[in-house]
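The data block below is input29.cif; it holds mmCIF, C-alpha atoms; chains and numbers go by the auth columns.
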```
data_input
#
loop_
_atom_site.group_PDB
_atom_site.id
_atom_site.type_symbol
_atom_site.label_atom_id
_atom_site.label_comp_id
_atom_site.label_asym_id
_atom_site.label_seq_id
_atom_site.Cartn_x
_atom_site.Cartn_y
_atom_site.Cartn_z
_atom_site.B_iso_or_equiv
_atom_site.auth_seq_id
_atom_site.auth_asym_id
ATOM 1 C CA MET A 1 13.539 137.111 168.956 0.00 1 O
ATOM 2 C CA LEU A 2 10.346 135.254 169.855 0.00 2 O
ATOM 3 C CA PRO A 3 9.333 134.784 173.485 0.00 3 O
ATOM 4 C CA PRO A 4 9.891 131.200 174.753 0.00 4 O
ATOM 5 C CA ASN A 5 6.158 130.361 174.695 0.00 5 O
ATOM 6 C CA ASP A 6 5.886 131.393 171.034 0.00 6 O
ATOM 7 C CA VAL A 7 8.867 129.233 170.096 0.00 7 O
ATOM 8 C CA ILE A 8 7.356 126.208 171.853 0.00 8 O
ATOM 9 C CA LEU A 9 3.982 126.837 170.197 0.00 9 O
ATOM 10 C CA LYS A 10 5.635 127.157 166.786 0.00 10 O
ATOM 11 C CA ILE A 11 7.530 123.872 167.288 0.00 11 O
ATOM 12 C CA VAL A 12 4.482 121.981 168.582 0.00 12 O
ATOM 13 C CA THR A 13 2.289 123.179 165.695 0.00 13 O
ATOM 14 C CA SER A 14 4.929 122.569 163.040 0.00 14 O
ATOM 15 C CA PRO A 15 3.434 120.720 160.029 0.00 15 O
ATOM 16 C CA ILE A 16 6.481 118.466 159.867 0.00 16 O
ATOM 17 C CA LEU A 17 6.333 117.534 163.540 0.00 17 O
ATOM 18 C CA LEU A 18 2.576 116.968 163.413 0.00 18 O
ATOM 19 C CA SER A 19 2.948 114.810 160.278 0.00 19 O
ATOM 20 C CA ILE A 20 5.729 112.720 161.806 0.00 20 O
ATOM 21 C CA PHE A 21 3.781 112.314 165.045 0.00 21 O
ATOM 22 C CA SER A 22 0.594 111.304 163.192 0.00 22 O
ATOM 23 C CA ILE A 23 2.425 108.797 160.993 0.00 23 O
ATOM 24 C CA ALA A 24 4.185 107.289 164.014 0.00 24 O
ATOM 25 C CA ILE A 25 0.866 106.822 165.828 0.00 25 O
ATOM 26 C CA LEU A 26 -0.693 105.200 162.744 0.00 26 O
ATOM 27 C CA ILE A 27 2.268 102.859 162.228 0.00 27 O
ATOM 28 C CA ILE A 28 2.269 101.779 165.862 0.00 28 O
ATOM 29 C CA TYR A 29 -1.482 101.228 165.780 0.00 29 O
ATOM 30 C CA MET A 30 -1.381 99.288 162.501 0.00 30 O
ATOM 31 C CA LEU A 31 1.393 96.977 163.652 0.00 31 O
ATOM 32 C CA ARG A 32 -0.326 96.062 166.924 0.00 32 O
ATOM 33 C CA SER A 33 -1.282 92.433 167.165 0.00 33 O
ATOM 34 C CA ASN A 34 -4.908 91.429 167.711 0.00 34 O
ATOM 35 C CA SER A 35 -6.297 94.692 166.402 0.00 35 O
ATOM 36 C CA ASN A 36 -9.983 94.451 165.508 0.00 36 O
ATOM 37 C CA PHE A 37 -9.771 97.278 162.997 0.00 37 O
ATOM 38 C CA LEU A 38 -6.377 97.299 161.315 0.00 38 O
ATOM 39 C CA ASN A 39 -4.765 93.864 161.172 0.00 39 O
ATOM 40 C CA ILE A 40 -1.992 94.689 158.742 0.00 40 O
ATOM 41 C CA ARG A 41 0.394 92.298 160.453 0.00 41 O
ATOM 42 C CA LYS A 42 -1.817 89.355 159.358 0.00 42 O
ATOM 43 C CA VAL A 43 -1.962 90.655 155.781 0.00 43 O
ATOM 44 C CA PHE A 44 1.855 90.779 155.634 0.00 44 O
ATOM 45 C CA LYS A 45 2.095 87.346 157.236 0.00 45 O
ATOM 46 C CA ASP A 46 -0.294 85.883 154.652 0.00 46 O
ATOM 47 C CA TYR A 47 1.621 87.621 151.864 0.00 47 O
ATOM 48 C CA LEU A 48 4.935 86.206 153.082 0.00 48 O
ATOM 49 C CA SER A 49 3.429 82.704 153.014 0.00 49 O
ATOM 50 C CA ILE A 50 3.546 82.996 149.220 0.00 50 O
ATOM 51 C CA PHE A 51 7.349 82.972 149.509 0.00 51 O
ATOM 52 C CA LYS A 52 7.646 80.156 152.069 0.00 52 O
ATOM 53 C CA ASP A 53 9.602 77.976 149.626 0.00 53 O
ATOM 54 C CA ALA A 54 11.333 80.825 147.781 0.00 54 O
ATOM 55 C CA LYS A 55 12.709 83.329 150.302 0.00 55 O
ATOM 56 C CA LYS A 56 15.350 84.598 147.857 0.00 56 O
ATOM 57 C CA HIS A 57 12.603 85.958 145.614 0.00 57 O
ATOM 58 C CA LEU A 58 11.682 88.427 148.338 0.00 58 O
ATOM 59 C CA PHE A 59 14.797 90.397 147.364 0.00 59 O
ATOM 60 C CA VAL A 60 13.495 90.793 143.819 0.00 60 O
ATOM 61 C CA PHE A 61 10.098 92.004 144.975 0.00 61 O
ATOM 62 C CA TRP A 62 11.251 94.170 147.903 0.00 62 O
ATOM 63 C CA GLY A 63 14.992 94.818 147.353 0.00 63 O
ATOM 64 C CA VAL A 64 15.085 95.825 143.699 0.00 64 O
ATOM 65 C CA PRO A 65 12.509 98.608 144.253 0.00 65 O
ATOM 66 C CA ILE A 66 14.970 100.180 146.722 0.00 66 O
ATOM 67 C CA LEU A 67 17.533 100.470 143.941 0.00 67 O
ATOM 68 C CA LEU A 68 14.926 101.808 141.518 0.00 68 O
ATOM 69 C CA ALA A 69 13.648 104.356 144.057 0.00 69 O
ATOM 70 C CA ILE A 70 17.184 105.594 144.790 0.00 70 O
ATOM 71 C CA ALA A 71 17.823 106.003 141.073 0.00 71 O
ATOM 72 C CA VAL A 72 14.566 107.858 140.407 0.00 72 O
ATOM 73 C CA VAL A 73 14.864 110.144 143.461 0.00 73 O
ATOM 74 C CA GLN A 74 18.204 111.346 142.094 0.00 74 O
ATOM 75 C CA VAL A 75 16.571 112.312 138.807 0.00 75 O
ATOM 76 C CA THR A 76 13.155 113.659 139.795 0.00 76 O
ATOM 77 C CA ASP A 77 10.819 114.260 142.711 0.00 77 O
ATOM 78 C CA VAL A 78 7.078 114.065 143.316 0.00 78 O
ATOM 79 C CA THR A 79 5.794 117.593 143.868 0.00 79 O
ATOM 80 C CA GLY A 80 2.953 119.739 142.630 0.00 80 O
ATOM 81 C CA LYS A 81 1.539 118.526 139.307 0.00 81 O
ATOM 82 C CA SER A 82 3.413 115.218 139.362 0.00 82 O
ATOM 83 C CA ALA A 83 2.034 114.485 142.843 0.00 83 O
ATOM 84 C CA GLU A 84 -1.473 115.084 141.540 0.00 84 O
ATOM 85 C CA SER A 85 -0.833 112.616 138.703 0.00 85 O
ATOM 86 C CA VAL A 86 0.463 110.034 141.172 0.00 86 O
ATOM 87 C CA ILE A 87 -2.617 110.594 143.363 0.00 87 O
ATOM 88 C CA VAL A 88 -4.922 109.929 140.402 0.00 88 O
ATOM 89 C CA PHE A 89 -2.901 106.850 139.392 0.00 89 O
ATOM 90 C CA LEU A 90 -2.983 105.417 142.920 0.00 90 O
ATOM 91 C CA SER A 91 -6.695 106.130 143.308 0.00 91 O
ATOM 92 C CA ILE A 92 -7.424 104.233 140.105 0.00 92 O
ATOM 93 C CA LEU A 93 -5.207 101.360 141.266 0.00 93 O
ATOM 94 C CA ILE A 94 -7.008 101.167 144.617 0.00 94 O
ATOM 95 C CA SER A 95 -10.394 100.916 142.906 0.00 95 O
ATOM 96 C CA ALA A 96 -9.037 98.274 140.500 0.00 96 O
ATOM 97 C CA PHE A 97 -7.659 96.256 143.417 0.00 97 O
ATOM 98 C CA PHE A 98 -10.981 96.411 145.263 0.00 98 O
ATOM 99 C CA ALA A 99 -12.743 95.237 142.088 0.00 99 O
ATOM 100 C CA THR A 100 -10.249 92.371 141.780 0.00 100 O
ATOM 101 C CA LEU A 101 -10.783 91.489 145.432 0.00 101 O
ATOM 102 C CA SER A 102 -14.546 91.352 144.938 0.00 102 O
ATOM 103 C CA ILE A 103 -14.056 88.984 141.996 0.00 103 O
ATOM 104 C CA LEU A 104 -11.779 86.756 144.071 0.00 104 O
ATOM 105 C CA ILE A 105 -14.208 86.677 146.972 0.00 105 O
ATOM 106 C CA SER A 106 -17.080 85.692 144.699 0.00 106 O
ATOM 107 C CA LYS A 107 -15.199 82.641 143.365 0.00 107 O
ATOM 108 C CA GLN A 108 -16.939 79.371 144.228 0.00 108 O
ATOM 109 C CA THR A 109 -14.489 76.971 145.878 0.00 109 O
ATOM 110 C CA ASP A 110 -16.895 74.187 146.868 0.00 110 O
ATOM 111 C CA GLN A 111 -15.604 71.557 144.439 0.00 111 O
ATOM 112 C CA SER A 112 -12.155 73.062 143.902 0.00 112 O
ATOM 113 C CA SER A 113 -8.909 71.340 144.796 0.00 113 O
ATOM 114 C CA GLU A 114 -6.942 72.315 147.886 0.00 114 O
ATOM 115 C CA LEU A 115 -4.205 73.815 145.699 0.00 115 O
ATOM 116 C CA TYR A 116 -6.761 76.038 143.945 0.00 116 O
ATOM 117 C CA LYS A 117 -8.147 77.194 147.307 0.00 117 O
ATOM 118 C CA GLN A 118 -4.614 77.962 148.539 0.00 118 O
ATOM 119 C CA VAL A 119 -3.740 79.956 145.413 0.00 119 O
ATOM 120 C CA LEU A 120 -7.048 81.822 145.715 0.00 120 O
ATOM 121 C CA LYS A 121 -6.338 82.715 149.362 0.00 121 O
ATOM 122 C CA GLU A 122 -2.761 83.788 148.591 0.00 122 O
ATOM 123 C CA THR A 123 -3.967 85.887 145.654 0.00 123 O
ATOM 124 C CA ALA A 124 -6.522 87.622 147.874 0.00 124 O
ATOM 125 C CA SER A 125 -3.740 88.295 150.415 0.00 125 O
ATOM 126 C CA LEU A 126 -1.602 89.786 147.653 0.00 126 O
ATOM 127 C CA VAL A 127 -4.447 92.065 146.569 0.00 127 O
ATOM 128 C CA LEU A 128 -5.001 93.179 150.176 0.00 128 O
ATOM 129 C CA LEU A 129 -1.289 93.977 150.504 0.00 129 O
ATOM 130 C CA GLU A 130 -1.388 95.944 147.255 0.00 130 O
ATOM 131 C CA ILE A 131 -4.339 97.950 148.594 0.00 131 O
ATOM 132 C CA ILE A 132 -2.438 98.736 151.809 0.00 132 O
ATOM 133 C CA LEU A 133 0.685 99.790 149.873 0.00 133 O
ATOM 134 C CA CYS A 134 -1.475 101.953 147.592 0.00 134 O
ATOM 135 C CA ILE A 135 -3.122 103.665 150.539 0.00 135 O
ATOM 136 C CA VAL A 136 0.220 104.404 152.212 0.00 136 O
ATOM 137 C CA ALA A 137 1.687 105.705 148.929 0.00 137 O
ATOM 138 C CA LEU A 138 -1.464 107.781 148.412 0.00 138 O
ATOM 139 C CA VAL A 139 -1.101 109.377 151.848 0.00 139 O
ATOM 140 C CA ILE A 140 2.561 110.173 151.120 0.00 140 O
ATOM 141 C CA SER A 141 1.647 111.637 147.722 0.00 141 O
ATOM 142 C CA ILE A 142 -1.054 113.816 149.274 0.00 142 O
ATOM 143 C CA MET A 143 1.470 115.022 151.849 0.00 143 O
ATOM 144 C CA LEU A 144 3.933 115.820 149.048 0.00 144 O
ATOM 145 C CA ALA A 145 1.279 117.717 147.100 0.00 145 O
ATOM 146 C CA ILE A 146 0.224 119.766 150.117 0.00 146 O
ATOM 147 C CA ILE A 147 3.356 120.490 152.136 0.00 147 O
ATOM 148 C CA ASP A 148 6.147 120.530 149.552 0.00 148 O
ATOM 149 C CA VAL A 149 6.615 124.278 150.132 0.00 149 O
ATOM 150 C CA VAL A 150 7.172 124.156 153.888 0.00 150 O
ATOM 151 C CA ILE A 151 9.135 120.925 154.166 0.00 151 O
ATOM 152 C CA PRO A 152 12.942 120.872 154.369 0.00 152 O
ATOM 153 C CA MET A 153 14.710 119.261 151.408 0.00 153 O
ATOM 154 C CA ILE A 154 15.922 116.185 153.346 0.00 154 O
ATOM 155 C CA PHE A 155 12.354 115.296 154.377 0.00 155 O
ATOM 156 C CA LEU A 156 11.186 115.887 150.823 0.00 156 O
ATOM 157 C CA ILE A 157 13.827 113.466 149.528 0.00 157 O
ATOM 158 C CA ILE A 158 12.897 110.846 152.157 0.00 158 O
ATOM 159 C CA LEU A 159 9.172 111.125 151.375 0.00 159 O
ATOM 160 C CA ASN A 160 9.893 110.946 147.643 0.00 160 O
ATOM 161 C CA PHE A 161 12.022 107.845 148.198 0.00 161 O
ATOM 162 C CA PHE A 162 9.263 106.073 150.146 0.00 162 O
ATOM 163 C CA ASP A 163 6.632 107.105 147.612 0.00 163 O
ATOM 164 C CA TYR A 164 8.654 105.794 144.674 0.00 164 O
ATOM 165 C CA TYR A 165 9.646 102.692 146.638 0.00 165 O
ATOM 166 C CA LEU A 166 6.040 101.774 147.409 0.00 166 O
ATOM 167 C CA ILE A 167 4.986 102.425 143.807 0.00 167 O
ATOM 168 C CA PHE A 168 7.767 100.171 142.486 0.00 168 O
ATOM 169 C CA VAL A 169 6.933 97.445 145.031 0.00 169 O
ATOM 170 C CA MET A 170 3.306 97.590 143.898 0.00 170 O
ATOM 171 C CA LEU A 171 4.217 97.447 140.228 0.00 171 O
ATOM 172 C CA ILE A 172 6.568 94.511 140.673 0.00 172 O
ATOM 173 C CA ASN A 173 4.042 92.669 142.849 0.00 173 O
ATOM 174 C CA LEU A 174 1.509 93.185 140.072 0.00 174 O
ATOM 175 C CA LEU A 175 3.537 90.627 138.116 0.00 175 O
ATOM 176 C CA ILE A 176 2.822 88.038 140.824 0.00 176 O
ATOM 177 C CA LEU A 177 -0.843 89.043 140.803 0.00 177 O
ATOM 178 C CA ILE A 178 -1.080 88.656 137.028 0.00 178 O
ATOM 179 C CA LYS A 179 0.515 85.200 137.181 0.00 179 O
ATOM 180 C CA ARG A 180 -1.795 84.051 139.981 0.00 180 O
ATOM 181 C CA MET A 181 -4.897 85.444 138.302 0.00 181 O
ATOM 182 C CA LYS A 182 -3.950 83.595 135.105 0.00 182 O
ATOM 183 C CA ALA A 183 -3.522 80.362 137.076 0.00 183 O
ATOM 184 C CA LEU A 184 -6.903 80.848 138.742 0.00 184 O
ATOM 185 C CA ILE A 185 -8.608 81.540 135.408 0.00 185 O
ATOM 186 C CA ASP A 186 -6.955 78.554 133.716 0.00 186 O
ATOM 187 C CA ASN A 187 -7.943 76.176 136.510 0.00 187 O
ATOM 188 C CA ALA A 188 -11.446 77.489 137.201 0.00 188 O
#
```
Show me the file's structure as structure tokens.
Amino acid sequence: MLPPNDVILKIVTSPILLSIFSIAILIIYMLRSNSNFLNIRKVFKDYLSIFKDAKKHLFVFWGVPILLAIAVVQVTDVTGKSAESVIVFLSILISAFFATLSILISKQTDQSSELYKQVLKETASLVLLEIILCIVALVISIMLAIIDVVIPMIFLIILNFFDYYLIFVMLINLLILIKRMKALIDNA
């Protein structure tokens, strides 16, 4: 049996506890209002303005991925080689979203209609949200690739669920992005 100090040290330095503590600090910091560095609350608020007249569609874009994630978690999990593939996929998506954002920012809106300017702003908000979701999913995937050996099965299932959920949310929101980009191109 370990002496009490060794048990406390082992608990405090546990990878799971340190990961949970770090994620909690990041979530609290990101959701703070009036943050000069991470204003994720504003990004979500701007994203939700897209659905101001169609609240029921939020279920399709945020509820259906829950069902898909539950189904996929029962069949497979993201570990080892599959986590590396997801990391590469998400990294490519992040760079594509930043490229899309740079194109949107460079759009000239001087003589554009108010509707065009609104769609452009909402599209940029959607791209920013996609980038945030990609980054969070990327962090989860990296955690799954690194600590899948030392993590209890229940935490592995929860992390897999959130990883798949975020990936499905991103993929479904890509449909909105494609539609909005088409509208912007057609009306440019």
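For the choices O:Val64, O:Ala54, O:Ile131, O:Ile25, the atom-to-atom distance to Ile92 (chain O) is smallest for O:Ile131 when using only C-alpha atoms.
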Exercise. Could you spell out the hits of the PyMOL selection byres ((chain O and resi 141) around 7) on the shown file, as a ChimeraX atom specification?
Worked result: /O:83,86-87,137-140,142-145,163
What would the file look like if the residues just selected were written as a short mmCIF file (atom, residue, chain, number, x, y, z; two decimals), in the coordinates of the input with C-alpha atoms?
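Output file again31.cif follows:
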```cif
data_model
loop_
_atom_site.label_atom_id
_atom_site.label_comp_id
_atom_site.auth_asym_id
_atom_site.auth_seq_id
_atom_site.Cartn_x
_atom_site.Cartn_y
_atom_site.Cartn_z
CA ALA O 83 2.03 114.48 142.84
CA VAL O 86 0.46 110.03 141.17
CA ILE O 87 -2.62 110.59 143.36
CA ALA O 137 1.69 105.70 148.93
CA LEU O 138 -1.46 107.78 148.41
CA VAL O 139 -1.10 109.38 151.85
CA ILE O 140 2.56 110.17 151.12
CA ILE O 142 -1.05 113.82 149.27
CA MET O 143 1.47 115.02 151.85
CA LEU O 144 3.93 115.82 149.05
CA ALA O 145 1.28 117.72 147.10
CA ASP O 163 6.63 107.10 147.61
#
```
For this session: Can you give me, as a PyMOL selection string, the residues this file yields under the PyMOL selection byres ((chain O and resi 130) around 9)?
Result: chain O and resi 93-94+97+125-129+131-135+169-170+173-174
Exercise. Which of these residues is nearest to Leu104 (chain O), using only C-alpha atoms: O:Leu9, O:Ile178, O:Leu184, O:Leu17?
Worked result: O:Leu184
Problem set entry | Picked residues, the PyMOL selection byres ((chain O and resi 71-74) around 10), expected as a PyMOL selection string | chain O and resi 65-70+75-78+157-165
Exercise. Neighbours of Leu120 (chain O) within 9 Å (all atoms listed in the file; same-chain residues fewer than 3 positions away dropped), as a PyMOL selection string?
Worked result: chain O and resi 104-105+107+109+115-117+123-125+180-181+184
Exercise. Quick one: of O:Leu156, O:Ala99, O:Met30, O:Val43, who's nearest to Lys121 (chain O), counting all atoms listed in the file?
Worked result: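 Of the candidates, the smallest distance to Lys121 (chain O) is held by O:Val43.
Using all atoms listed in the file, the shortest contact distance between Ile27 (chain O) and any of O:Ala96, O:Ser49, O:Val136, O:Glu84 is found at O:Val136.
The nearest approach to Tyr47 (chain O) among the residues O:Tyr29, O:Phe168, O:Phe61, O:Phe21, with all atoms listed in the file taken into account, belongs to O:Phe61.
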